[in-house]
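Next comes coords.pdb, with PDB, C-alpha atoms, pLDDT in the B column.
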ATOM      1  CA  MET A   1      26.203  -6.713 -30.355  1.00 47.00           C
ATOM      2  CA  ALA A   2      28.694  -3.834 -30.577  1.00 55.00           C
ATOM      3  CA  LEU A   3      32.299  -4.621 -29.759  1.00 59.00           C
ATOM      4  CA  SER A   4      32.428  -2.174 -26.823  1.00 70.00           C
ATOM      5  CA  ASN A   5      29.230  -3.545 -25.275  1.00 77.00           C
ATOM      6  CA  PHE A   6      30.472  -7.112 -25.659  1.00 78.00           C
ATOM      7  CA  LEU A   7      33.834  -6.359 -24.033  1.00 80.00           C
ATOM      8  CA  PHE A   8      32.106  -4.434 -21.247  1.00 84.00           C
ATOM      9  CA  ALA A   9      29.874  -7.445 -20.513  1.00 87.00           C
ATOM     10  CA  GLN A  10      32.959  -9.681 -20.427  1.00 86.00           C
ATOM     11  CA  CYS A  11      34.719  -7.301 -18.013  1.00 88.00           C
ATOM     12  CA  ILE A  12      31.729  -7.353 -15.651  1.00 91.00           C
ATOM     13  CA  CYS A  13      31.563 -11.162 -15.736  1.00 92.00           C
ATOM     14  CA  TYR A  14      35.295 -11.533 -15.095  1.00 94.00           C
ATOM     15  CA  PHE A  15      35.090  -9.083 -12.196  1.00 94.00           C
ATOM     16  CA  LEU A  16      32.218 -11.077 -10.660  1.00 95.00           C
ATOM     17  CA  ALA A  17      34.140 -14.327 -11.174  1.00 95.00           C
ATOM     18  CA  PHE A  18      37.144 -12.781  -9.401  1.00 95.00           C
ATOM     19  CA  LEU A  19      34.954 -11.622  -6.509  1.00 95.00           C
ATOM     20  CA  PHE A  20      33.193 -14.971  -6.062  1.00 96.00           C
ATOM     21  CA  SER A  21      36.494 -16.851  -6.309  1.00 95.00           C
ATOM     22  CA  PHE A  22      37.976 -14.629  -3.631  1.00 95.00           C
ATOM     23  CA  ILE A  23      35.208 -15.538  -1.182  1.00 94.00           C
ATOM     24  CA  VAL A  24      35.948 -19.206  -1.916  1.00 94.00           C
ATOM     25  CA  VAL A  25      39.689 -19.070  -1.273  1.00 95.00           C
ATOM     26  CA  VAL A  26      39.576 -17.068   1.976  1.00 94.00           C
ATOM     27  CA  PRO A  27      37.170 -19.232   4.061  1.00 93.00           C
ATOM     28  CA  LEU A  28      38.696 -22.481   2.764  1.00 93.00           C
ATOM     29  CA  SER A  29      42.146 -21.280   3.795  1.00 93.00           C
ATOM     30  CA  GLU A  30      40.848 -20.215   7.212  1.00 92.00           C
ATOM     31  CA  ASN A  31      39.141 -23.563   7.751  1.00 91.00           C
ATOM     32  CA  SER A  32      42.322 -25.421   6.833  1.00 90.00           C
ATOM     33  CA  ASN A  33      44.189 -23.452   9.504  1.00 91.00           C
ATOM     34  CA  ASP A  34      41.423 -23.949  12.090  1.00 88.00           C
ATOM     35  CA  PHE A  35      41.333 -27.724  11.492  1.00 89.00           C
ATOM     36  CA  HIS A  36      45.159 -28.015  11.339  1.00 87.00           C
ATOM     37  CA  GLY A  37      45.114 -29.305   7.766  1.00 86.00           C
ATOM     38  CA  ARG A  38      42.332 -31.846   8.324  1.00 89.00           C
ATOM     39  CA  CYS A  39      39.423 -31.891   5.880  1.00 90.00           C
ATOM     40  CA  LEU A  40      35.909 -32.118   7.301  1.00 90.00           C
ATOM     41  CA  LEU A  41      34.377 -33.009   3.911  1.00 92.00           C
ATOM     42  CA  PHE A  42      33.133 -36.631   3.872  1.00 92.00           C
ATOM     43  CA  THR A  43      34.251 -37.072   7.495  1.00 89.00           C
ATOM     44  CA  GLU A  44      32.688 -39.992   9.372  1.00 87.00           C
ATOM     45  CA  GLY A  45      32.025 -39.925  13.107  1.00 84.00           C
ATOM     46  CA  MET A  46      29.520 -40.523  15.887  1.00 83.00           C
ATOM     47  CA  TRP A  47      28.485 -39.343  19.334  1.00 79.00           C
ATOM     48  CA  LEU A  48      29.766 -41.560  22.135  1.00 77.00           C
ATOM     49  CA  SER A  49      28.700 -41.756  25.747  1.00 71.00           C
ATOM     50  CA  ALA A  50      31.113 -41.568  28.653  1.00 59.00           C
ATOM     51  CA  ASN A  51      29.447 -44.626  30.161  1.00 59.00           C
ATOM     52  CA  LEU A  52      26.404 -46.793  29.572  1.00 52.00           C
ATOM     53  CA  THR A  53      24.029 -44.542  31.563  1.00 52.00           C
ATOM     54  CA  ALA A  54      25.229 -41.182  30.271  1.00 53.00           C
ATOM     55  CA  GLU A  55      23.662 -39.383  27.374  1.00 57.00           C
ATOM     56  CA  ARG A  56      25.575 -38.685  24.183  1.00 52.00           C
ATOM     57  CA  GLN A  57      28.069 -35.976  25.030  1.00 69.00           C
ATOM     58  CA  ARG A  58      31.198 -36.248  22.893  1.00 78.00           C
ATOM     59  CA  PHE A  59      31.622 -36.407  19.143  1.00 80.00           C
ATOM     60  CA  THR A  60      34.323 -38.804  17.963  1.00 83.00           C
ATOM     61  CA  VAL A  61      35.755 -38.809  14.449  1.00 84.00           C
ATOM     62  CA  GLN A  62      36.105 -42.276  13.006  1.00 86.00           C
ATOM     63  CA  GLU A  63      37.797 -41.174   9.794  1.00 88.00           C
ATOM     64  CA  TRP A  64      38.648 -37.722   8.540  1.00 90.00           C
ATOM     65  CA  GLY A  65      37.740 -36.870   4.988  1.00 89.00           C
ATOM     66  CA  PRO A  66      40.394 -36.982   2.244  1.00 91.00           C
ATOM     67  CA  GLU A  67      42.556 -33.859   2.166  1.00 91.00           C
ATOM     68  CA  SER A  68      42.325 -33.891  -1.631  1.00 92.00           C
ATOM     69  CA  ALA A  69      38.627 -32.940  -1.386  1.00 92.00           C
ATOM     70  CA  CYS A  70      39.394 -29.646   0.353  1.00 92.00           C
ATOM     71  CA  ARG A  71      42.508 -29.060  -1.745  1.00 93.00           C
ATOM     72  CA  PHE A  72      40.552 -29.485  -4.977  1.00 95.00           C
ATOM     73  CA  GLY A  73      38.029 -26.867  -3.864  1.00 94.00           C
ATOM     74  CA  LEU A  74      40.890 -24.513  -3.025  1.00 94.00           C
ATOM     75  CA  PHE A  75      42.556 -25.280  -6.372  1.00 95.00           C
ATOM     76  CA  ALA A  76      39.340 -24.489  -8.248  1.00 95.00           C
ATOM     77  CA  GLY A  77      38.987 -21.210  -6.386  1.00 95.00           C
ATOM     78  CA  LEU A  78      42.584 -20.181  -7.073  1.00 96.00           C
ATOM     79  CA  LEU A  79      42.331 -21.186 -10.735  1.00 95.00           C
ATOM     80  CA  SER A  80      39.176 -19.133 -11.168  1.00 95.00           C
ATOM     81  CA  LEU A  81      40.694 -16.213  -9.250  1.00 95.00           C
ATOM     82  CA  LEU A  82      43.864 -16.012 -11.347  1.00 95.00           C
ATOM     83  CA  LEU A  83      42.186 -16.550 -14.724  1.00 94.00           C
ATOM     84  CA  ALA A  84      39.448 -14.034 -13.931  1.00 94.00           C
ATOM     85  CA  ALA A  85      42.057 -11.430 -12.940  1.00 93.00           C
ATOM     86  CA  VAL A  86      44.113 -11.953 -16.118  1.00 92.00           C
ATOM     87  CA  GLN A  87      41.094 -12.011 -18.421  1.00 90.00           C
ATOM     88  CA  ALA A  88      39.506  -8.975 -16.747  1.00 89.00           C
ATOM     89  CA  TRP A  89      42.697  -6.952 -17.284  1.00 90.00           C
ATOM     90  CA  ARG A  90      42.944  -8.177 -20.882  1.00 86.00           C
ATOM     91  CA  SER A  91      39.316  -7.365 -21.687  1.00 84.00           C
ATOM     92  CA  LEU A  92      39.652  -3.930 -20.078  1.00 84.00           C
ATOM     93  CA  PHE A  93      42.787  -3.252 -22.136  1.00 82.00           C
ATOM     94  CA  PHE A  94      41.003  -4.240 -25.364  1.00 80.00           C
ATOM     95  CA  LEU A  95      38.004  -2.126 -24.371  1.00 78.00           C
ATOM     96  CA  CYS A  96      40.176   0.959 -23.849  1.00 78.00           C
ATOM     97  CA  LYS A  97      42.231   0.401 -27.019  1.00 73.00           C
ATOM     98  CA  GLY A  98      39.304  -0.700 -29.192  1.00 67.00           C
ATOM     99  CA  HIS A  99      41.064  -3.933 -30.200  1.00 67.00           C
ATOM    100  CA  GLU A 100      39.397  -7.219 -31.030  1.00 68.00           C
ATOM    101  CA  ASP A 101      40.442 -10.853 -30.556  1.00 68.00           C
ATOM    102  CA  SER A 102      41.342 -12.960 -33.564  1.00 71.00           C
ATOM    103  CA  PHE A 103      39.351 -16.107 -34.305  1.00 72.00           C
ATOM    104  CA  PHE A 104      42.116 -18.298 -32.827  1.00 78.00           C
ATOM    105  CA  TYR A 105      42.302 -16.452 -29.497  1.00 81.00           C
ATOM    106  CA  ALA A 106      38.515 -16.275 -29.258  1.00 82.00           C
ATOM    107  CA  PHE A 107      38.316 -20.046 -29.751  1.00 84.00           C
ATOM    108  CA  LEU A 108      41.123 -20.611 -27.207  1.00 87.00           C
ATOM    109  CA  ASN A 109      39.251 -18.427 -24.722  1.00 89.00           C
ATOM    110  CA  LEU A 110      36.134 -20.554 -25.276  1.00 90.00           C
ATOM    111  CA  LEU A 111      38.056 -23.757 -24.495  1.00 92.00           C
ATOM    112  CA  ILE A 112      39.606 -22.269 -21.338  1.00 93.00           C
ATOM    113  CA  SER A 113      36.245 -20.979 -20.106  1.00 93.00           C
ATOM    114  CA  ALA A 114      34.576 -24.342 -20.714  1.00 95.00           C
ATOM    115  CA  PHE A 115      37.383 -26.079 -18.797  1.00 96.00           C
ATOM    116  CA  VAL A 116      36.975 -23.725 -15.820  1.00 96.00           C
ATOM    117  CA  VAL A 117      33.203 -24.317 -15.832  1.00 96.00           C
ATOM    118  CA  PHE A 118      33.828 -28.072 -15.639  1.00 96.00           C
ATOM    119  CA  VAL A 119      36.413 -27.791 -12.844  1.00 96.00           C
ATOM    120  CA  ILE A 120      34.291 -25.465 -10.702  1.00 96.00           C
ATOM    121  CA  PHE A 121      31.211 -27.653 -11.153  1.00 97.00           C
ATOM    122  CA  ILE A 122      33.136 -30.686  -9.882  1.00 96.00           C
ATOM    123  CA  ALA A 123      34.521 -28.680  -6.943  1.00 96.00           C
ATOM    124  CA  SER A 124      31.077 -27.281  -6.076  1.00 95.00           C
ATOM    125  CA  THR A 125      29.547 -30.757  -6.095  1.00 96.00           C
ATOM    126  CA  ILE A 126      32.348 -32.186  -3.931  1.00 95.00           C
ATOM    127  CA  VAL A 127      32.077 -29.391  -1.358  1.00 95.00           C
ATOM    128  CA  THR A 128      28.275 -29.517  -1.214  1.00 95.00           C
ATOM    129  CA  VAL A 129      28.006 -33.309  -0.887  1.00 95.00           C
ATOM    130  CA  GLY A 130      30.993 -33.579   1.449  1.00 93.00           C
ATOM    131  CA  PHE A 131      29.737 -30.856   3.785  1.00 93.00           C
ATOM    132  CA  ASN A 132      26.259 -32.431   3.913  1.00 93.00           C
ATOM    133  CA  MET A 133      27.903 -35.696   5.001  1.00 92.00           C
ATOM    134  CA  TRP A 134      29.796 -33.837   7.757  1.00 91.00           C
ATOM    135  CA  CYS A 135      26.569 -32.219   8.989  1.00 89.00           C
ATOM    136  CA  ASP A 136      24.809 -35.600   8.929  1.00 89.00           C
ATOM    137  CA  ALA A 137      27.610 -37.029  11.033  1.00 87.00           C
ATOM    138  CA  ILE A 138      27.723 -34.342  13.752  1.00 88.00           C
ATOM    139  CA  THR A 139      23.921 -34.103  13.983  1.00 86.00           C
ATOM    140  CA  ASP A 140      23.559 -37.893  13.875  1.00 82.00           C
ATOM    141  CA  LYS A 141      21.279 -37.411  10.845  1.00 80.00           C
ATOM    142  CA  GLY A 142      19.000 -35.016  12.706  1.00 74.00           C
ATOM    143  CA  THR A 143      18.654 -36.894  15.992  1.00 78.00           C
ATOM    144  CA  VAL A 144      20.835 -34.362  17.866  1.00 78.00           C
ATOM    145  CA  SER A 145      18.857 -31.444  19.302  1.00 76.00           C
ATOM    146  CA  GLN A 146      21.210 -28.818  17.826  1.00 81.00           C
ATOM    147  CA  SER A 147      21.473 -28.058  14.128  1.00 85.00           C
ATOM    148  CA  CYS A 148      24.689 -28.161  12.167  1.00 85.00           C
ATOM    149  CA  GLU A 149      24.926 -24.381  12.353  1.00 86.00           C
ATOM    150  CA  GLU A 150      24.368 -24.336  16.112  1.00 86.00           C
ATOM    151  CA  LEU A 151      27.019 -27.013  16.721  1.00 86.00           C
ATOM    152  CA  GLN A 152      29.775 -24.677  15.534  1.00 85.00           C
ATOM    153  CA  ASP A 153      29.215 -22.726  18.771  1.00 84.00           C
ATOM    154  CA  ILE A 154      29.897 -25.847  20.844  1.00 83.00           C
ATOM    155  CA  ASP A 155      33.367 -27.191  21.506  1.00 80.00           C
ATOM    156  CA  LEU A 156      33.382 -30.625  19.864  1.00 80.00           C
ATOM    157  CA  GLU A 157      36.571 -31.528  21.776  1.00 78.00           C
ATOM    158  CA  LEU A 158      38.452 -32.473  18.623  1.00 82.00           C
ATOM    159  CA  ASN A 159      41.571 -30.478  19.553  1.00 83.00           C
ATOM    160  CA  LEU A 160      40.880 -27.930  16.841  1.00 86.00           C
ATOM    161  CA  GLU A 161      39.003 -24.687  16.302  1.00 85.00           C
ATOM    162  CA  ASN A 162      35.438 -25.468  15.176  1.00 83.00           C
ATOM    163  CA  SER A 163      33.756 -22.161  16.036  1.00 83.00           C
ATOM    164  CA  ALA A 164      33.234 -21.065  12.405  1.00 86.00           C
ATOM    165  CA  PHE A 165      33.160 -24.195  10.215  1.00 90.00           C
ATOM    166  CA  TYR A 166      29.484 -23.770   9.198  1.00 91.00           C
ATOM    167  CA  ASP A 167      29.887 -20.118   8.187  1.00 92.00           C
ATOM    168  CA  GLN A 168      33.108 -20.893   6.325  1.00 93.00           C
ATOM    169  CA  PHE A 169      31.603 -23.656   4.215  1.00 93.00           C
ATOM    170  CA  ALA A 170      28.302 -21.846   3.700  1.00 94.00           C
ATOM    171  CA  ILE A 171      30.263 -18.947   2.183  1.00 94.00           C
ATOM    172  CA  THR A 172      32.437 -21.374   0.214  1.00 95.00           C
ATOM    173  CA  GLN A 173      29.423 -23.134  -1.296  1.00 95.00           C
ATOM    174  CA  PHE A 174      27.824 -19.832  -2.255  1.00 96.00           C
ATOM    175  CA  GLY A 175      31.066 -18.605  -3.816  1.00 95.00           C
ATOM    176  CA  LEU A 176      31.638 -21.796  -5.797  1.00 96.00           C
ATOM    177  CA  TRP A 177      28.126 -22.043  -7.249  1.00 96.00           C
ATOM    178  CA  ALA A 178      28.031 -18.301  -7.974  1.00 96.00           C
ATOM    179  CA  ALA A 179      31.437 -18.556  -9.689  1.00 96.00           C
ATOM    180  CA  TRP A 180      30.177 -21.533 -11.691  1.00 96.00           C
ATOM    181  CA  LEU A 181      27.166 -19.565 -12.932  1.00 96.00           C
ATOM    182  CA  THR A 182      29.400 -16.601 -13.768  1.00 96.00           C
ATOM    183  CA  TRP A 183      31.865 -18.740 -15.725  1.00 96.00           C
ATOM    184  CA  LEU A 184      28.935 -20.369 -17.493  1.00 96.00           C
ATOM    185  CA  GLY A 185      27.879 -16.889 -18.615  1.00 94.00           C
ATOM    186  CA  ILE A 186      31.476 -16.166 -19.676  1.00 93.00           C
ATOM    187  CA  THR A 187      31.504 -19.376 -21.720  1.00 94.00           C
ATOM    188  CA  ILE A 188      28.273 -18.391 -23.475  1.00 93.00           C
ATOM    189  CA  LEU A 189      29.745 -14.974 -24.293  1.00 90.00           C
ATOM    190  CA  ALA A 190      32.917 -16.665 -25.567  1.00 88.00           C
ATOM    191  CA  PHE A 191      30.830 -18.938 -27.804  1.00 89.00           C
ATOM    192  CA  LEU A 192      28.941 -15.941 -29.198  1.00 87.00           C
ATOM    193  CA  LYS A 193      32.283 -14.234 -29.852  1.00 84.00           C
ATOM    194  CA  VAL A 194      33.596 -17.263 -31.750  1.00 82.00           C
ATOM    195  CA  TYR A 195      30.379 -17.481 -33.759  1.00 81.00           C
ATOM    196  CA  HIS A 196      30.542 -13.753 -34.513  1.00 77.00           C
ATOM    197  CA  ASN A 197      34.159 -14.014 -35.677  1.00 74.00           C
ATOM    198  CA  TYR A 198      33.321 -17.067 -37.788  1.00 70.00           C
ATOM    199  CA  ARG A 199      30.466 -15.210 -39.461  1.00 71.00           C
ATOM    200  CA  GLN A 200      32.724 -12.215 -40.052  1.00 66.00           C
ATOM    201  CA  GLU A 201      35.463 -14.333 -41.633  1.00 60.00           C
ATOM    202  CA  ASP A 202      32.882 -16.198 -43.702  1.00 54.00           C
ATOM    203  CA  LEU A 203      31.457 -12.875 -44.876  1.00 46.00           C
ATOM    204  CA  LEU A 204      34.956 -11.579 -45.618  1.00 54.00           C
ATOM    205  CA  ASP A 205      35.735 -14.691 -47.656  1.00 56.00           C
ATOM    206  CA  SER A 206      32.484 -14.231 -49.586  1.00 50.00           C
ATOM    207  CA  LEU A 207      33.306 -10.590 -50.307  1.00 52.00           C
ATOM    208  CA  ILE A 208      36.799 -11.514 -51.499  1.00 58.00           C
ATOM    209  CA  HIS A 209      35.345 -14.244 -53.696  1.00 53.00           C
ATOM    210  CA  GLU A 210      32.796 -11.854 -55.169  1.00 55.00           C
ATOM    211  CA  LYS A 211      35.541  -9.293 -55.767  1.00 59.00           C
ATOM    212  CA  GLU A 212      37.637 -11.876 -57.606  1.00 59.00           C
ATOM    213  CA  LEU A 213      34.635 -12.854 -59.720  1.00 61.00           C
ATOM    214  CA  LEU A 214      33.953  -9.225 -60.594  1.00 64.00           C
ATOM    215  CA  LEU A 215      37.603  -8.594 -61.436  1.00 64.00           C
ATOM    216  CA  GLY A 216      37.645 -11.761 -63.539  1.00 62.00           C
ATOM    217  CA  ARG A 217      34.549 -10.665 -65.454  1.00 58.00           C
ATOM    218  CA  SER A 218      35.979  -7.191 -65.944  1.00 57.00           C
ATOM    219  CA  ALA A 219      39.252  -8.619 -67.266  1.00 54.00           C
ATOM    220  CA  SER A 220      37.431 -10.982 -69.657  1.00 56.00           C
ATOM    221  CA  ARG A 221      35.319  -8.113 -71.016  1.00 53.00           C
ATOM    222  CA  THR A 222      38.432  -5.985 -71.529  1.00 56.00           C
ATOM    223  CA  SER A 223      40.240  -8.787 -73.404  1.00 53.00           C
ATOM    224  CA  PHE A 224      37.154  -9.433 -75.507  1.00 44.00           C
ATOM    225  CA  GLN A 225      36.918  -5.789 -76.498  1.00 53.00           C
ATOM    226  CA  GLU A 226      40.637  -5.725 -77.376  1.00 54.00           C
ATOM    227  CA  GLU A 227      40.248  -8.811 -79.554  1.00 53.00           C
ATOM    228  CA  LYS A 228      37.256  -7.239 -81.247  1.00 50.00           C
ATOM    229  CA  SER A 229      39.167  -4.006 -81.888  1.00 55.00           C
ATOM    230  CA  GLY A 230      42.096  -5.999 -83.315  1.00 53.00           C
ATOM    231  CA  MET A 231      39.804  -7.814 -85.757  1.00 52.00           C
ATOM    232  CA  ILE A 232      38.405  -4.529 -86.967  1.00 53.00           C
TER     233      ILE A 232
END

Structure encoded using structure tokens:
Amino acid sequence: MALSNFLFAQCICYFLAFLFSFIVVVPLSENSNDFHGRCLLFTEGMWLSANLTAERQRFTVQEWGPESACRFGLFAGLLSLLLAAVQAWRSLFFLCKGHEDSFFYAFLNLLISAFVVFVIFIASTIVTVGFNMWCDAITDKGTVSQSCEELQDIDLELNLENSAFYDQFAITQFGLWAAWLTWLGITILAFLKVYHNYRQEDLLDSLIHEKELLLGRSASRTSFQEEKSGMI
């Protein structure tokens, strides 16, 4: 793969990672404001009746989910956003100048990309599982007539704004998994770059070794001819 094509592919991947990370950070931040800092991930609750004869009419939270679950998703989004922005600018600069990373920086980039892939995968899993638990709670595991999406249009009487929670976390889940796939592609490109640099350095070492052997043979032939001339 030509250097310009490789750098162009990296720029596209970093731009996509930045875009997907952006649509993770925004809805998570909005949901945090709507829920006054509470985290709906892994929240436990049930529908309670006003009296023994009334039907279920009010959802009551037994225990809010840990705030660290939502904060970790936001952290993963911000980490991906910042790194994608920096790396996109760096790759674009190298593409315009025609520069190439050294083996050390290519290997460092591989380690960073692999770390981001791991972090985003954990965050994606937490958000997906935690949000499914929230939906199971407010729909009473499917026994409520409304779906999880429809319940965002109903005031749950929790003293917070719940009119967009489903849309916010649907976008967040899409952004996280899309960012994970993008960073996985970036990691594969980084690995190919490291392998390419390793092959180049190995080839360069071989050429230098062959040059030294040729120079050594040439010097030995010259000394042999001088000795022969001296004997004559």

Could you list, as a list in words, every residue within 12 Å of Ser32 (chain A), counting all atoms listed in the file and ignoring same-chain residues fewer than 4 positions away? Val25, Val26, Pro27, Leu28, His36, Gly37, Arg38, Cys39, Leu40, Leu41, Glu67, Ser68, Ala69, Cys70, Arg71, Gly73, Leu74, Leu160, Glu161, Asn162, Ala164, Phe165, Gln168 and Phe169 of chain A

Residue among A:Gln87, A:Ser124, A:Asn197, A:Ser4 lying closest to Val24 (chain A), counting all atoms listed in the file: A:Ser124

Contacts of Trp134 (chain A) at 9 Å or less, counting all atoms listed in the file, minus same-chain residues fewer than 5 places along, as an MDAnalysis selection string? chainID A and resid 40:45 65 129 139 148

Restricting the calculation to all atoms listed in the file: of A:Val194, A:Leu156, A:Ile23, A:Ala17, which residue gets closest to Leu111 (chain A)? A:Val194

From the options A:Phe75, A:Thr172, A:Leu81, A:Asn33, which residue's atoms come nearest to Thr128 (chain A), counting only C-alpha atoms?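 Of all the options, A:Thr172 lies closest to Thr128 (chain A).
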
Hey, which of A:Asn5, A:Gly185, A:Asp153, A:Leu192 ends up closest to Leu95 (chain A)? Count only C-alpha atoms. A:Asn5

Once the PyMOL selection byres ((chain A and resi 103) around 9) is applied to the coordinates I shared, what remains selected? I want it as a ChimeraX atom specification. /A:101-102,104-108,193-194,197-198,201

How would the residues just chosen look if you wrote them out with C-alpha atoms as an mmCIF file, in the frame of the given file?
data_model
loop_
_atom_site.group_PDB
_atom_site.id
_atom_site.type_symbol
_atom_site.label_atom_id
_atom_site.label_comp_id
_atom_site.auth_asym_id
_atom_site.auth_seq_id
_atom_site.Cartn_x
_atom_site.Cartn_y
_atom_site.Cartn_z
ATOM 1 C CA ASP A 101 40.442 -10.853 -30.556
ATOM 2 C CA SER A 102 41.342 -12.960 -33.564
ATOM 3 C CA PHE A 104 42.116 -18.298 -32.827
ATOM 4 C CA TYR A 105 42.302 -16.452 -29.497
ATOM 5 C CA ALA A 106 38.515 -16.275 -29.258
ATOM 6 C CA PHE A 107 38.316 -20.046 -29.751
ATOM 7 C CA LEU A 108 41.123 -20.611 -27.207
ATOM 8 C CA LYS A 193 32.283 -14.234 -29.852
ATOM 9 C CA VAL A 194 33.596 -17.263 -31.750
ATOM 10 C CA ASN A 197 34.159 -14.014 -35.677
ATOM 11 C CA TYR A 198 33.321 -17.067 -37.788
ATOM 12 C CA GLU A 201 35.463 -14.333 -41.633
#

Between CA of Gly77 (chain A) and CA of Glu149 (chain A), distance in Å (one decimal):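 Interatomic distance, CA of Gly77 (chain A) to CA of Glu149 (chain A): 23.6 Å.
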
Pick from A:Val117, A:Leu92, A:Ile126, A:Val86: nearest to Ile12 (chain A), with all atoms listed in the file counted?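 Result for the nearest residue to Ile12 (chain A): A:Leu92.
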
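Note that CA of Cys11 (chain A) and CA of Asn109 (chain A) are 13.8 Å apart.
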
Could you name the residues that touch Thr60 (chain A) at 12 Å or less, counting all atoms listed in the file, but leaving out those on the same chain fewer than 6 positions away, as a ChimeraX atom specification? /A:43-50,137-138,140,156-159

Pick from A:Val119, A:Ala170, A:Ile188, A:Leu7, whichever lies nearest to Ser80 (chain A) using all atoms listed in the file: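 Of the candidates, the smallest distance to Ser80 (chain A) is held by A:Val119.
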